[in-house]
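A.B. asks: Input structure: data_10.cif, which contains mmCIF, C-alpha atoms and all ligand atoms.
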```cif
data_structure
#
loop_
_atom_site.label_atom_id
_atom_site.label_comp_id
_atom_site.auth_asym_id
_atom_site.auth_seq_id
_atom_site.Cartn_x
_atom_site.Cartn_y
_atom_site.Cartn_z
CA MET A 1 133.99 -172.06 -30.25
CA SER A 2 133.68 -170.46 -26.81
CA GLU A 3 136.02 -168.70 -24.38
CA THR A 4 135.51 -168.21 -20.66
CA PHE A 5 136.23 -165.09 -18.59
CA ASP A 6 135.26 -163.86 -15.11
CA ALA A 7 133.57 -160.72 -16.49
CA ILE A 8 132.69 -159.20 -19.85
CA VAL A 9 132.44 -155.46 -20.52
CA LEU A 10 130.49 -154.39 -23.61
CA GLY A 11 131.81 -151.23 -25.28
CA SER A 12 135.28 -149.66 -25.15
CA GLY A 13 134.24 -146.05 -24.50
CA VAL A 14 135.39 -144.30 -21.34
CA VAL A 15 132.72 -145.98 -19.19
CA GLY A 16 133.53 -149.51 -20.39
CA ALA A 17 137.28 -148.87 -20.14
CA SER A 18 137.05 -147.59 -16.57
CA ALA A 19 134.72 -150.46 -15.55
CA ALA A 20 137.11 -153.02 -17.08
CA PHE A 21 140.11 -151.58 -15.23
CA HIS A 22 138.28 -151.53 -11.92
CA LEU A 23 136.87 -155.07 -12.31
CA ALA A 24 140.43 -156.28 -12.88
CA LYS A 25 141.83 -154.17 -10.04
CA LEU A 26 139.17 -154.68 -7.35
CA GLY A 27 138.21 -158.26 -8.04
CA GLY A 28 141.39 -159.58 -9.69
CA LEU A 29 139.01 -160.75 -12.42
CA LYS A 30 139.99 -161.88 -15.90
CA VAL A 31 138.00 -159.37 -17.97
CA CYS A 32 137.11 -159.36 -21.67
CA VAL A 33 136.20 -156.02 -23.31
CA VAL A 34 134.03 -156.52 -26.39
CA GLU A 35 133.98 -153.67 -28.95
CA ARG A 36 132.14 -153.76 -32.28
CA GLY A 37 134.50 -151.30 -34.02
CA GLU A 38 137.81 -149.68 -33.17
CA LEU A 39 138.80 -148.84 -29.61
CA CYS A 40 136.90 -145.83 -28.28
CA SER A 41 134.97 -145.22 -31.48
CA GLY A 42 131.63 -144.09 -29.97
CA GLY A 43 130.51 -140.93 -28.16
CA THR A 44 133.72 -140.74 -26.11
CA ALA A 45 135.80 -140.05 -29.23
CA LYS A 46 133.63 -136.96 -29.93
CA SER A 47 133.57 -135.69 -26.36
CA CYS A 48 134.68 -132.22 -25.27
CA ALA A 49 135.80 -133.95 -22.05
CA ILE A 50 135.01 -131.05 -19.73
CA VAL A 51 135.26 -132.01 -16.09
CA ARG A 52 133.23 -129.85 -13.67
CA SER A 53 131.39 -130.61 -10.48
CA HIS A 54 128.57 -128.11 -11.10
CA TYR A 55 125.35 -130.14 -11.01
CA SER A 56 122.06 -130.04 -9.17
CA VAL A 57 121.97 -133.81 -8.45
CA PRO A 58 124.32 -134.35 -5.45
CA SER A 59 125.49 -137.84 -6.50
CA ASN A 60 126.65 -136.43 -9.87
CA THR A 61 128.82 -133.96 -7.96
CA ALA A 62 130.10 -136.74 -5.66
CA LEU A 63 131.09 -138.90 -8.64
CA THR A 64 132.80 -135.97 -10.37
CA LEU A 65 134.76 -135.03 -7.24
CA ALA A 66 136.01 -138.63 -7.05
CA SER A 67 136.91 -138.45 -10.78
CA LEU A 68 138.83 -135.20 -10.18
CA GLU A 69 140.91 -137.03 -7.55
CA ILE A 70 141.72 -139.68 -10.16
CA PHE A 71 142.63 -137.07 -12.82
CA ALA A 72 144.89 -135.29 -10.32
CA ASN A 73 146.80 -138.52 -9.70
CA PHE A 74 146.15 -140.40 -12.93
CA THR A 75 149.38 -142.36 -13.56
CA ASP A 76 149.68 -143.55 -9.96
CA TYR A 77 145.99 -144.39 -9.72
CA LEU A 78 146.14 -146.56 -12.83
CA GLU A 79 149.44 -148.06 -11.60
CA ASN A 80 150.64 -147.82 -15.17
CA GLY A 81 153.66 -145.72 -16.16
CA GLY A 82 152.28 -144.84 -19.60
CA ALA A 83 148.88 -143.66 -18.32
CA GLU A 84 147.93 -140.10 -19.31
CA SER A 85 144.61 -138.25 -19.30
CA GLY A 86 145.70 -134.91 -20.76
CA PHE A 87 143.84 -133.23 -17.89
CA VAL A 88 144.34 -129.44 -17.77
CA ASN A 89 143.34 -127.88 -14.46
CA SER A 90 142.17 -124.62 -16.02
CA GLY A 91 139.19 -123.98 -13.70
CA TYR A 92 135.52 -123.60 -14.66
CA LEU A 93 133.40 -120.45 -14.83
CA ILE A 94 129.61 -120.68 -14.99
CA LEU A 95 127.60 -117.60 -15.95
CA ALA A 96 123.90 -117.09 -15.22
CA PRO A 97 121.61 -114.22 -16.25
CA GLU A 98 119.85 -112.18 -13.55
CA GLY A 99 116.68 -113.76 -12.17
CA GLY A 100 115.50 -117.30 -11.59
CA LEU A 101 118.50 -119.07 -13.07
CA ALA A 102 120.89 -117.08 -10.87
CA GLU A 103 118.89 -118.13 -7.80
CA LYS A 104 119.01 -121.78 -8.87
CA MET A 105 122.72 -121.51 -9.47
CA ARG A 106 123.31 -120.02 -6.03
CA ALA A 107 121.43 -122.95 -4.46
CA ASN A 108 123.49 -125.40 -6.54
CA LEU A 109 126.76 -123.80 -5.46
CA ALA A 110 125.69 -124.34 -1.83
CA MET A 111 124.70 -127.96 -2.54
CA GLN A 112 128.07 -128.67 -4.13
CA SER A 113 129.95 -127.18 -1.18
CA ASP A 114 127.93 -129.49 1.10
CA VAL A 115 129.03 -132.48 -1.02
CA GLY A 116 132.68 -131.33 -0.70
CA ALA A 117 133.31 -129.31 -3.88
CA GLU A 118 135.52 -126.23 -3.81
CA THR A 119 133.20 -123.74 -5.52
CA PHE A 120 132.19 -120.16 -4.92
CA GLU A 121 130.77 -116.96 -6.41
CA LEU A 122 133.10 -114.44 -8.06
CA SER A 123 132.64 -110.72 -8.65
CA PRO A 124 133.11 -109.63 -12.29
CA ALA A 125 136.53 -108.19 -11.37
CA GLU A 126 137.59 -111.50 -9.81
CA ALA A 127 136.34 -113.42 -12.85
CA LEU A 128 138.34 -111.13 -15.17
CA GLU A 129 141.51 -111.91 -13.20
CA ARG A 130 141.00 -115.55 -14.20
CA HIS A 131 139.69 -114.93 -17.72
CA PRO A 132 140.64 -111.48 -19.11
CA PHE A 133 138.74 -111.85 -22.42
CA VAL A 134 135.26 -112.70 -21.19
CA ALA A 135 132.50 -110.05 -21.42
CA LEU A 136 130.35 -110.02 -18.29
CA ASP A 137 128.01 -106.99 -18.68
CA ASP A 138 124.83 -109.07 -19.01
CA VAL A 139 125.73 -111.66 -16.34
CA GLY A 140 123.83 -111.80 -13.03
CA LEU A 141 125.87 -114.42 -11.18
CA ILE A 142 129.30 -115.98 -11.72
CA GLY A 143 130.24 -119.34 -10.20
CA TYR A 144 133.77 -120.73 -10.19
CA GLU A 145 135.46 -124.08 -9.59
CA PRO A 146 139.28 -123.89 -9.32
CA ARG A 147 139.84 -127.68 -9.46
CA SER A 148 137.93 -128.33 -12.69
CA GLY A 149 139.12 -128.28 -16.30
CA TYR A 150 139.22 -130.54 -19.32
CA ALA A 151 140.96 -133.72 -20.42
CA ASP A 152 141.70 -135.74 -23.56
CA PRO A 153 138.94 -138.33 -23.99
CA TYR A 154 140.88 -140.76 -26.17
CA LEU A 155 144.03 -140.67 -24.00
CA THR A 156 141.97 -141.19 -20.85
CA THR A 157 140.10 -144.15 -22.33
CA SER A 158 143.09 -145.84 -23.95
CA SER A 159 145.01 -145.46 -20.68
CA PHE A 160 142.26 -147.24 -18.70
CA LEU A 161 142.27 -150.02 -21.32
CA ARG A 162 146.07 -150.34 -21.24
CA ALA A 163 146.01 -150.51 -17.43
CA ALA A 164 143.26 -153.17 -17.62
CA ARG A 165 145.36 -155.17 -20.09
CA ALA A 166 148.28 -154.97 -17.67
CA ARG A 167 145.93 -156.78 -15.28
CA ARG A 168 145.22 -159.63 -17.75
CA ALA A 169 142.21 -158.05 -19.50
CA VAL A 170 141.63 -159.05 -23.12
CA VAL A 171 140.22 -156.45 -25.55
CA LYS A 172 138.43 -157.73 -28.65
CA THR A 173 137.84 -155.07 -31.32
CA GLY A 174 135.79 -155.62 -34.46
CA CYS A 175 133.69 -157.97 -32.33
CA PRO A 176 130.04 -156.88 -31.89
CA ALA A 177 128.05 -158.40 -29.04
CA GLU A 178 125.05 -159.91 -30.85
CA ARG A 179 122.97 -160.98 -27.87
CA LEU A 180 123.15 -161.77 -24.21
CA LEU A 181 123.32 -165.46 -23.18
CA LEU A 182 121.04 -166.33 -20.27
CA HIS A 183 120.29 -169.40 -18.22
CA GLY A 184 117.63 -169.52 -15.51
CA GLY A 185 117.45 -165.73 -15.10
CA ARG A 186 121.25 -165.41 -14.92
CA VAL A 187 123.72 -164.00 -17.42
CA THR A 188 126.11 -166.62 -18.77
CA GLY A 189 127.86 -164.58 -21.48
CA VAL A 190 127.41 -162.98 -24.90
CA ALA A 191 127.22 -164.29 -28.44
CA THR A 192 129.56 -162.70 -31.00
CA PRO A 193 130.45 -163.52 -34.61
CA ARG A 194 133.70 -164.95 -33.22
CA GLY A 195 131.90 -167.41 -30.97
CA GLU A 196 130.41 -167.36 -27.50
CA LEU A 197 132.15 -165.54 -24.68
CA ARG A 198 131.21 -166.96 -21.28
CA ALA A 199 131.10 -165.05 -17.96
CA GLY A 200 128.76 -164.69 -15.00
CA ILE A 201 129.14 -160.89 -14.99
CA VAL A 202 128.35 -158.60 -17.95
CA VAL A 203 128.69 -154.81 -17.66
CA SER A 204 126.97 -153.10 -20.60
CA ALA A 205 128.45 -149.69 -21.55
CA LEU A 206 127.09 -149.38 -25.08
CA GLY A 207 126.01 -145.73 -24.99
CA PRO A 208 123.49 -144.89 -27.74
CA TRP A 209 123.66 -148.51 -29.00
CA THR A 210 122.28 -150.01 -25.76
CA ARG A 211 118.92 -150.97 -27.34
CA GLY A 212 120.80 -153.51 -29.51
CA LEU A 213 121.30 -155.45 -26.29
CA THR A 214 118.08 -154.74 -24.42
CA ASP A 215 115.48 -155.03 -27.24
CA PRO A 216 116.08 -158.77 -27.82
CA LEU A 217 115.57 -159.29 -24.07
CA GLY A 218 112.14 -157.65 -24.29
CA LEU A 219 113.45 -154.99 -21.91
CA GLU A 220 112.01 -151.54 -22.59
CA ILE A 221 114.46 -148.78 -21.80
CA PRO A 222 113.86 -145.04 -22.08
CA LEU A 223 116.49 -143.71 -24.52
CA GLU A 224 116.51 -140.88 -27.04
CA ILE A 225 119.43 -140.18 -29.32
CA SER A 226 120.41 -136.74 -30.55
CA ARG A 227 123.09 -135.16 -32.68
CA HIS A 228 125.38 -132.44 -31.35
CA THR A 229 127.84 -130.31 -33.29
CA VAL A 230 131.17 -129.16 -31.90
CA LEU A 231 133.04 -126.29 -33.59
CA THR A 232 136.45 -124.72 -33.12
CA PHE A 233 137.09 -121.03 -33.78
CA LYS A 234 140.32 -119.08 -34.19
CA GLY A 235 140.33 -115.57 -32.74
CA ASP A 236 142.66 -112.57 -33.20
CA ALA A 237 145.29 -114.09 -30.88
CA PRO A 238 146.10 -117.66 -29.78
CA TYR A 239 143.71 -118.75 -27.02
CA GLY A 240 145.70 -119.95 -23.97
CA ARG A 241 145.25 -123.57 -22.91
CA ASP A 242 145.01 -122.55 -19.22
CA LEU A 243 142.01 -120.23 -19.64
CA PRO A 244 139.01 -121.51 -17.66
CA VAL A 245 136.24 -123.51 -19.29
CA VAL A 246 133.14 -121.26 -19.59
CA LYS A 247 129.51 -122.37 -19.34
CA ASP A 248 127.10 -119.67 -20.53
CA LEU A 249 123.60 -120.14 -19.13
CA THR A 250 122.54 -116.81 -20.67
CA THR A 251 122.37 -118.53 -24.09
CA ALA A 252 119.30 -120.51 -25.11
CA ASN A 253 121.42 -123.52 -26.15
CA LYS A 254 123.53 -123.43 -22.96
CA MET A 255 126.74 -122.84 -24.90
CA TYR A 256 130.08 -123.85 -23.40
CA PHE A 257 133.62 -123.30 -24.61
CA ARG A 258 137.15 -124.23 -23.68
CA PRO A 259 140.71 -124.00 -25.03
CA ALA A 260 141.76 -126.61 -27.59
CA THR A 261 145.00 -127.65 -29.26
CA GLY A 262 146.46 -125.04 -31.62
CA GLY A 263 145.31 -121.94 -29.74
CA VAL A 264 141.67 -122.27 -30.82
CA VAL A 265 138.41 -122.33 -28.84
CA LEU A 266 136.23 -125.41 -28.86
CA VAL A 267 132.49 -124.61 -28.59
CA GLY A 268 129.56 -126.92 -27.87
CA THR A 269 125.97 -126.80 -26.64
CA GLY A 270 124.22 -128.36 -23.66
CA ASP A 271 120.76 -128.38 -25.25
CA HIS A 272 118.66 -131.20 -26.71
CA GLY A 273 120.37 -131.29 -30.13
CA ASP A 274 118.81 -132.74 -33.30
CA PRO A 275 116.77 -135.93 -32.73
CA LEU A 276 118.16 -139.06 -34.43
CA ALA A 277 116.48 -142.39 -35.16
CA ALA A 278 119.77 -144.18 -34.51
CA ALA A 279 123.33 -143.17 -33.64
CA ASP A 280 124.62 -144.55 -36.93
CA ASP A 281 122.21 -142.31 -38.94
CA MET A 282 124.15 -139.14 -38.26
CA ASP A 283 124.42 -136.41 -40.89
CA GLU A 284 128.04 -135.21 -40.80
CA ASN A 285 127.30 -132.02 -42.82
CA LEU A 286 127.69 -128.69 -41.13
CA ASP A 287 124.69 -126.36 -40.93
CA ASP A 288 125.75 -122.79 -41.88
CA ASP A 289 123.04 -121.22 -39.68
CA PHE A 290 124.40 -123.09 -36.69
CA VAL A 291 127.95 -121.83 -37.39
CA LEU A 292 126.60 -118.26 -37.55
CA LEU A 293 124.65 -118.72 -34.32
CA GLN A 294 127.59 -120.12 -32.36
CA GLY A 295 130.05 -117.65 -33.89
CA GLY A 296 127.74 -114.75 -32.93
CA GLN A 297 127.28 -115.99 -29.36
CA LEU A 298 131.02 -116.45 -28.98
CA ALA A 299 131.78 -112.98 -30.41
CA ARG A 300 129.42 -111.41 -27.85
CA ARG A 301 131.07 -113.30 -24.96
CA LEU A 302 134.76 -113.18 -25.93
CA ALA A 303 136.88 -110.16 -26.88
CA GLY A 304 138.97 -110.88 -29.98
CA PHE A 305 136.41 -113.24 -31.53
CA GLU A 306 134.33 -110.64 -33.42
CA GLU A 307 135.80 -111.83 -36.74
CA ALA A 308 136.59 -115.39 -35.61
CA ALA A 309 136.75 -118.06 -38.31
CA PRO A 310 135.61 -121.65 -37.77
CA THR A 311 138.56 -124.03 -38.14
CA ALA A 312 137.08 -127.50 -37.53
CA SER A 313 133.84 -129.28 -36.69
CA TRP A 314 132.50 -132.70 -35.85
CA VAL A 315 129.24 -134.28 -34.69
CA GLY A 316 128.53 -136.76 -31.92
CA ALA A 317 125.51 -138.55 -30.45
CA TYR A 318 124.07 -138.07 -26.97
CA ASP A 319 122.20 -141.00 -25.34
CA ILE A 320 119.44 -139.15 -23.49
CA THR A 321 117.07 -140.35 -20.76
CA PRO A 322 113.90 -138.47 -19.72
CA ASP A 323 115.65 -136.79 -16.77
CA TRP A 324 119.03 -136.28 -18.48
CA ASN A 325 120.76 -138.60 -16.06
CA PRO A 326 122.17 -142.07 -16.68
CA VAL A 327 120.71 -145.45 -15.86
CA LEU A 328 123.23 -147.29 -13.67
CA GLY A 329 123.02 -150.62 -11.90
CA PRO A 330 121.53 -154.09 -12.01
CA VAL A 331 118.51 -155.11 -14.08
CA PRO A 332 115.78 -156.79 -12.03
CA GLY A 333 115.23 -160.37 -13.22
CA ILE A 334 118.60 -160.65 -15.02
CA GLU A 335 121.20 -161.57 -12.45
CA GLY A 336 124.79 -160.68 -13.31
CA LEU A 337 123.93 -157.86 -15.76
CA VAL A 338 124.92 -154.28 -14.88
CA LEU A 339 123.64 -151.52 -17.17
CA ALA A 340 125.34 -148.14 -17.70
CA TYR A 341 123.82 -145.94 -20.41
CA GLY A 342 121.94 -142.66 -20.89
CA PHE A 343 124.76 -140.29 -19.96
CA SER A 344 122.90 -137.48 -21.71
CA GLY A 345 126.00 -135.58 -22.79
CA HIS A 346 127.79 -135.48 -19.43
CA GLY A 347 129.27 -138.94 -18.87
CA PHE A 348 132.96 -138.31 -19.49
CA LYS A 349 133.58 -136.66 -16.14
CA LEU A 350 131.62 -139.30 -14.22
CA ALA A 351 133.39 -142.27 -15.82
CA PRO A 352 136.73 -142.52 -13.98
CA ALA A 353 135.06 -142.83 -10.58
CA LEU A 354 131.91 -144.50 -11.86
CA GLY A 355 133.87 -147.43 -13.33
CA LYS A 356 134.89 -148.30 -9.78
CA VAL A 357 131.31 -148.11 -8.49
CA LEU A 358 130.06 -150.25 -11.39
CA ALA A 359 132.74 -152.83 -10.55
CA GLN A 360 131.70 -152.69 -6.88
CA THR A 361 128.08 -153.25 -7.97
CA ALA A 362 128.98 -156.24 -10.16
CA LEU A 363 131.12 -157.75 -7.38
CA GLY A 364 128.49 -157.20 -4.67
CA LEU A 365 130.78 -154.83 -2.73
CA PRO A 366 129.65 -151.65 -0.90
CA GLN A 367 129.39 -148.72 -3.34
CA ASP A 368 131.56 -145.59 -2.88
CA VAL A 369 128.58 -143.58 -4.20
CA ASP A 370 125.08 -145.02 -3.84
CA LEU A 371 123.76 -145.74 -7.34
CA THR A 372 120.16 -146.38 -6.19
CA PRO A 373 118.91 -142.98 -7.47
CA TYR A 374 120.04 -143.99 -11.00
CA ARG A 375 118.07 -147.26 -11.12
CA LEU A 376 116.16 -148.16 -14.27
CA GLY A 377 112.88 -148.43 -12.32
CA ARG A 378 112.85 -144.72 -11.40
CA PHE A 379 111.06 -143.67 -14.59
CA ALA A 380 108.04 -145.97 -14.07
CA LYS A 381 107.74 -144.72 -10.47
CA GLY A 382 108.10 -141.05 -11.42
CA GLU A 383 111.19 -140.68 -9.19
CA LEU A 384 113.15 -138.67 -11.72
CA LEU A 385 116.54 -137.02 -11.17
CA THR A 386 115.63 -133.86 -13.05
CA GLY A 387 118.16 -131.03 -12.64
CA ALA A 388 117.43 -127.42 -11.68
CA TYR A 389 118.14 -125.98 -15.14
CA GLY A 390 115.60 -128.13 -16.99
CA ILE A 391 116.61 -130.28 -19.93
CA GLY A 392 120.24 -130.26 -20.97
CA SER A 393 123.53 -131.78 -20.06
CA ILE A 394 123.99 -129.72 -16.89
CA SER A 395 121.67 -131.70 -14.67
C1 LIG B 401 129.79 -133.89 -28.81
C2 LIG B 401 129.87 -134.41 -27.40
C3 LIG B 401 130.45 -133.63 -26.41
C4 LIG B 401 130.51 -134.10 -25.10
N1 LIG B 401 131.13 -133.34 -24.15
C5 LIG B 401 131.22 -133.80 -22.87
C6 LIG B 401 131.91 -133.06 -21.88
O1 LIG B 401 132.45 -131.98 -22.14
N2 LIG B 401 131.98 -133.57 -20.62
C7 LIG B 401 131.39 -134.75 -20.29
O2 LIG B 401 131.45 -135.15 -19.11
N3 LIG B 401 130.74 -135.48 -21.21
C8 LIG B 401 130.65 -135.05 -22.48
N4 LIG B 401 130.01 -135.78 -23.44
C9 LIG B 401 129.40 -137.04 -23.05
C10 LIG B 401 130.41 -138.14 -22.89
O3 LIG B 401 131.39 -138.05 -23.91
C11 LIG B 401 129.69 -139.49 -22.96
O4 LIG B 401 128.66 -139.52 -22.00
C12 LIG B 401 130.66 -140.63 -22.66
O5 LIG B 401 131.83 -140.53 -23.44
C13 LIG B 401 129.94 -141.95 -22.95
O6 LIG B 401 130.84 -143.01 -22.82
P1 LIG B 401 130.30 -144.49 -22.98
O7 LIG B 401 131.48 -145.37 -22.70
O8 LIG B 401 129.06 -144.69 -22.19
O9 LIG B 401 129.80 -144.63 -24.50
P2 LIG B 401 130.57 -144.63 -25.96
O10 LIG B 401 131.82 -143.85 -25.85
O11 LIG B 401 129.55 -144.26 -26.90
O12 LIG B 401 130.98 -146.14 -26.07
C14 LIG B 401 130.10 -147.16 -26.48
C15 LIG B 401 130.91 -148.16 -27.28
O13 LIG B 401 130.11 -149.30 -27.54
C16 LIG B 401 130.46 -149.79 -28.84
N5 LIG B 401 129.39 -150.67 -29.30
C17 LIG B 401 128.18 -150.34 -29.81
N6 LIG B 401 127.46 -151.44 -30.08
C18 LIG B 401 128.23 -152.51 -29.74
C19 LIG B 401 128.03 -153.92 -29.74
N7 LIG B 401 126.90 -154.48 -30.15
N8 LIG B 401 129.03 -154.71 -29.29
C20 LIG B 401 130.21 -154.19 -28.85
N9 LIG B 401 130.44 -152.85 -28.83
C21 LIG B 401 129.47 -152.02 -29.24
C22 LIG B 401 130.63 -148.51 -29.65
O14 LIG B 401 131.37 -148.75 -30.81
C23 LIG B 401 131.35 -147.61 -28.64
O15 LIG B 401 132.77 -147.71 -28.77
C24 LIG B 401 129.96 -135.36 -24.77
C25 LIG B 401 129.41 -136.15 -25.77
C26 LIG B 401 129.37 -135.70 -27.08
C27 LIG B 401 128.79 -136.58 -28.15
#
```
Could you render the structure as structure tokens?
C.D. replies:
Amino acid sequence: MSETFDAIVLGSGVVGASAAFHLAKLGGLKVCVVERGELCSGGTAKSCAIVRSHYSVPSNTALTLASLEIFANFTDYLENGGAESGFVNSGYLILAPEGGLAEKMRANLAMQSDVGAETFELSPAEALERHPFVALDDVGLIGYEPRSGYADPYLTTSSFLRAARARRAVVKTGCPAERLLLHGGRVTGVATPRGELRAGIVVSALGPWTRGLTDPLGLEIPLEISRHTVLTFKGDAPYGRDLPVVKDLTTANKMYFRPATGGVVLVGTGDHGDPLAAADDMDENLDDDFVLLQGGQLARRLAGFEEAAPTASWVGAYDITPDWNPVLGPVPGIEGLVLAYGFSGHGFKLAPALGKVLAQTALGLPQDVDLTPYRLGRFAKGELLTGAYGIGSIS
């Protein structure tokens, strides 16, 4: 049995969902989203969904600024009355220690202003007006973004999928893509256990599972997978949902934290994480030493968290490339295929705007943001997009 569509999107995470919506919207295409499990059951479901424009690669900032526009106007943009992202415009504080990192941060703040971001330095007194509980004695430089915040990853993704469905898209769950179908160097569809799905455009948004598609093609892609733990802590008093997100570059694991439902703080790390052979090999057990480490770091940074108790935890996989930036765009020699993987722990915020640029790429339209710097071939040529802070999800 086979079915025919104009375009197929592999993966129903936030990147696939946004790409599907934009393919349907921009090209009027009949799109099929192919998902091996449940809707949004990969990295997106585990995401902390922080949206900030602080980067050292200008095109990452440009994509995030375009995503912020979408979050600010989500229901209208998706042209779907039920669309919600859960975006909270709480602002974003970034803290650097004295010295080299502070200098790099100052240069990055200037770069982001050049790209159009509203971002500036704050004095400790000004930072305390926005976040009264944060301890700043050891901080050399404070950056701030008033337009940033955090969203709900599942709501955002399911809203993009619902809006795509309203534009004739079909979503097949429990339907793994087994291999790409090719003819004469062109994509013609994908094989699934439910039969062949035919289309001349395939956008692959498979996150840490991308090798399942590329290995059978003999295509070598740089991709490491790592495990990251997210914890929530309850302090002495309920933690307000409008308090700014905080990124703490004074910590070795580049800790970040933000408000979460129920008056708790959600805490994650922007470091390498624990290496994994495959995303499905993840140990779900919590490491006590890690809880003590994060609890201690939080207690030093936040008043009222000296005796904080952990209330929940989960783990998620990052799909990491050598320069901690994604691979985006066509694959030389395979016409009709567009790859999007390797988001290295920071893809949620890029996805709303990126889905449009991926659709523009697939349709041969001019790109809102030039994706050339993210091409697969950059690694072989040594033209890496390495960020100023070294490895980690803040590149
Ligand atoms: C713990 C954690 C915290 C994070 N925090 C942030 C943050 O604060 N801000 C931020 O910007 N980013 C954050 N990220 C990163 C961000 O969540 C990811 O980059 C983004 O969600 C990736 O989306 P995706 O659509 O590419 O992949 P995924 O969401 O992983 O989607 C891939 C989908 O493909 C499906 N799939 C796999 N194999 C097949 C197959 N053969 N056929 C069909 N379907 C298949 C999977 O089931 C999955 O649903 C975080 C990530 C993690 C893990």
A.B. asks: Pull the closest atom pair for each residue of chain A that gets at most 7 Å from ligand LIG 401 (chain B), along with the distance in Å to one decimal, counting only C-alpha atoms and all ligand atoms, ordering rows by chain and then ascending residue number, as a tab-separated table.
C.D. replies:
```
residue	atom	partner	partner_atom	distance
A:Leu10	CA	B:LIG401	C20	5.3
A:Gly11	CA	B:LIG401	O13	3.4
A:Ser12	CA	B:LIG401	O15	4.8
A:Gly13	CA	B:LIG401	O7	3.4
A:Val14	CA	B:LIG401	O7	4.3
A:Val15	CA	B:LIG401	O7	3.8
A:Gly16	CA	B:LIG401	O7	5.2
A:Val34	CA	B:LIG401	C20	5.1
A:Glu35	CA	B:LIG401	N9	3.6
A:Arg36	CA	B:LIG401	N9	4.0
A:Gly37	CA	B:LIG401	O14	5.2
A:Glu38	CA	B:LIG401	O14	6.9
A:Leu39	CA	B:LIG401	O15	6.2
A:Cys40	CA	B:LIG401	O15	4.6
A:Ser41	CA	B:LIG401	O15	4.3
A:Gly42	CA	B:LIG401	O11	3.7
A:Gly43	CA	B:LIG401	O11	3.7
A:Thr44	CA	B:LIG401	O5	3.3
A:Ala45	CA	B:LIG401	O10	6.5
A:Lys46	CA	B:LIG401	C1	5.0
A:Ser47	CA	B:LIG401	C4	3.7
A:Cys48	CA	B:LIG401	O1	3.9
A:Ala49	CA	B:LIG401	O1	3.9
A:Ile50	CA	B:LIG401	O1	3.6
A:Val51	CA	B:LIG401	O2	5.8
A:Cys175	CA	B:LIG401	C20	6.2
A:Pro176	CA	B:LIG401	N8	3.5
A:Ala177	CA	B:LIG401	N8	3.8
A:Glu178	CA	B:LIG401	N7	5.8
A:Ala205	CA	B:LIG401	O8	5.1
A:Leu206	CA	B:LIG401	O13	3.9
A:Gly207	CA	B:LIG401	O9	4.0
A:Pro208	CA	B:LIG401	O11	6.2
A:Trp209	CA	B:LIG401	N6	4.9
A:Thr210	CA	B:LIG401	N6	6.9
A:Gly212	CA	B:LIG401	N7	6.2
A:Leu213	CA	B:LIG401	N7	6.9
A:His228	CA	B:LIG401	C1	5.3
A:Thr229	CA	B:LIG401	C1	6.1
A:Val230	CA	B:LIG401	C1	5.8
A:Gly268	CA	B:LIG401	C3	6.9
A:Val315	CA	B:LIG401	C1	5.9
A:Gly316	CA	B:LIG401	C27	3.8
A:Ala317	CA	B:LIG401	C27	4.5
A:Tyr318	CA	B:LIG401	C27	5.1
A:Ala340	CA	B:LIG401	O8	6.8
A:Tyr341	CA	B:LIG401	O8	5.7
A:Phe343	CA	B:LIG401	O4	4.5
A:Ser344	CA	B:LIG401	O4	6.1
A:Gly345	CA	B:LIG401	C9	3.7
A:His346	CA	B:LIG401	N3	3.4
A:Gly347	CA	B:LIG401	O4	3.2
A:Phe348	CA	B:LIG401	O2	3.5
A:Lys349	CA	B:LIG401	O2	4.0
A:Leu350	CA	B:LIG401	O2	6.4
```
A.B. asks: Please report the interatomic distance between CA of Pro332 in chain A and CA of Val369 in chain A in Å with one decimal.
C.D. replies: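 Result for CA of Pro332 in chain A versus CA of Val369 in chain A: 20.0 Å, one decimal.
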A.B. asks: As an exercise, work out the distance from CA of Asp6 in chain A to CA of Leu371 in chain A in Å and give it to one decimal place.
C.D. replies: 22.8 Å
A.B. asks: Kindly indicate which residue among A:Leu354, A:Ile8, A:Ala237, A:Val267 lies nearest to Trp314 in chain A, using all atoms listed in the file for the distances.
C.D. replies: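 Nearest to Trp314 in chain A: A:Val267.
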A.B. asks: When you draw a straight line from CA of Leu302 in chain A to CA of Ala135 in chain A, how long is it in Å?
C.D. replies: 5.9 Å
A.B. asks: Here's a test: counting all atoms listed in the file, identify every protein, DNA and RNA residue with an atom at most 7 Å from (120.7, -164.6, -9.7) in the file's coordinate frame, and state them as a ChimeraX atom specification.
C.D. replies: /A:185-186,334-336
A.B. asks: Using only C-alpha atoms, pick whichever of A:Leu26, A:Val57, A:Ile221, A:Ala277 has the shortest atom-to-atom distance to Pro373 in chain A.
C.D. replies: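 Once distances to Pro373 in chain A are computed over only C-alpha atoms, the minimum belongs to A:Val57.
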A.B. asks: May I have the protein, DNA and RNA residues with an atom at most 12 Å from (131.8, -131.1, -4.9), counting all atoms listed in the file in the file's coordinates, returned as a PyMOL selection string?
C.D. replies: chain A and resi 51-69+108-120+144-148
A.B. asks: For a quick check of understanding, using only C-alpha atoms, which of A:Val170, A:Asp248, A:Arg162, A:Asp319 has the smallest distance to Gly82 in chain A?
C.D. replies: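 Using only C-alpha atoms, the shortest distance to Gly82 in chain A belongs to A:Arg162.
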A.B. asks: Using only C-alpha atoms, which of A:Lys254, A:Lys172, A:Arg165, A:Lys234 sits nearest Ala20 in chain A?
C.D. replies: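 Result for the nearest residue to Ala20 in chain A: A:Arg165.
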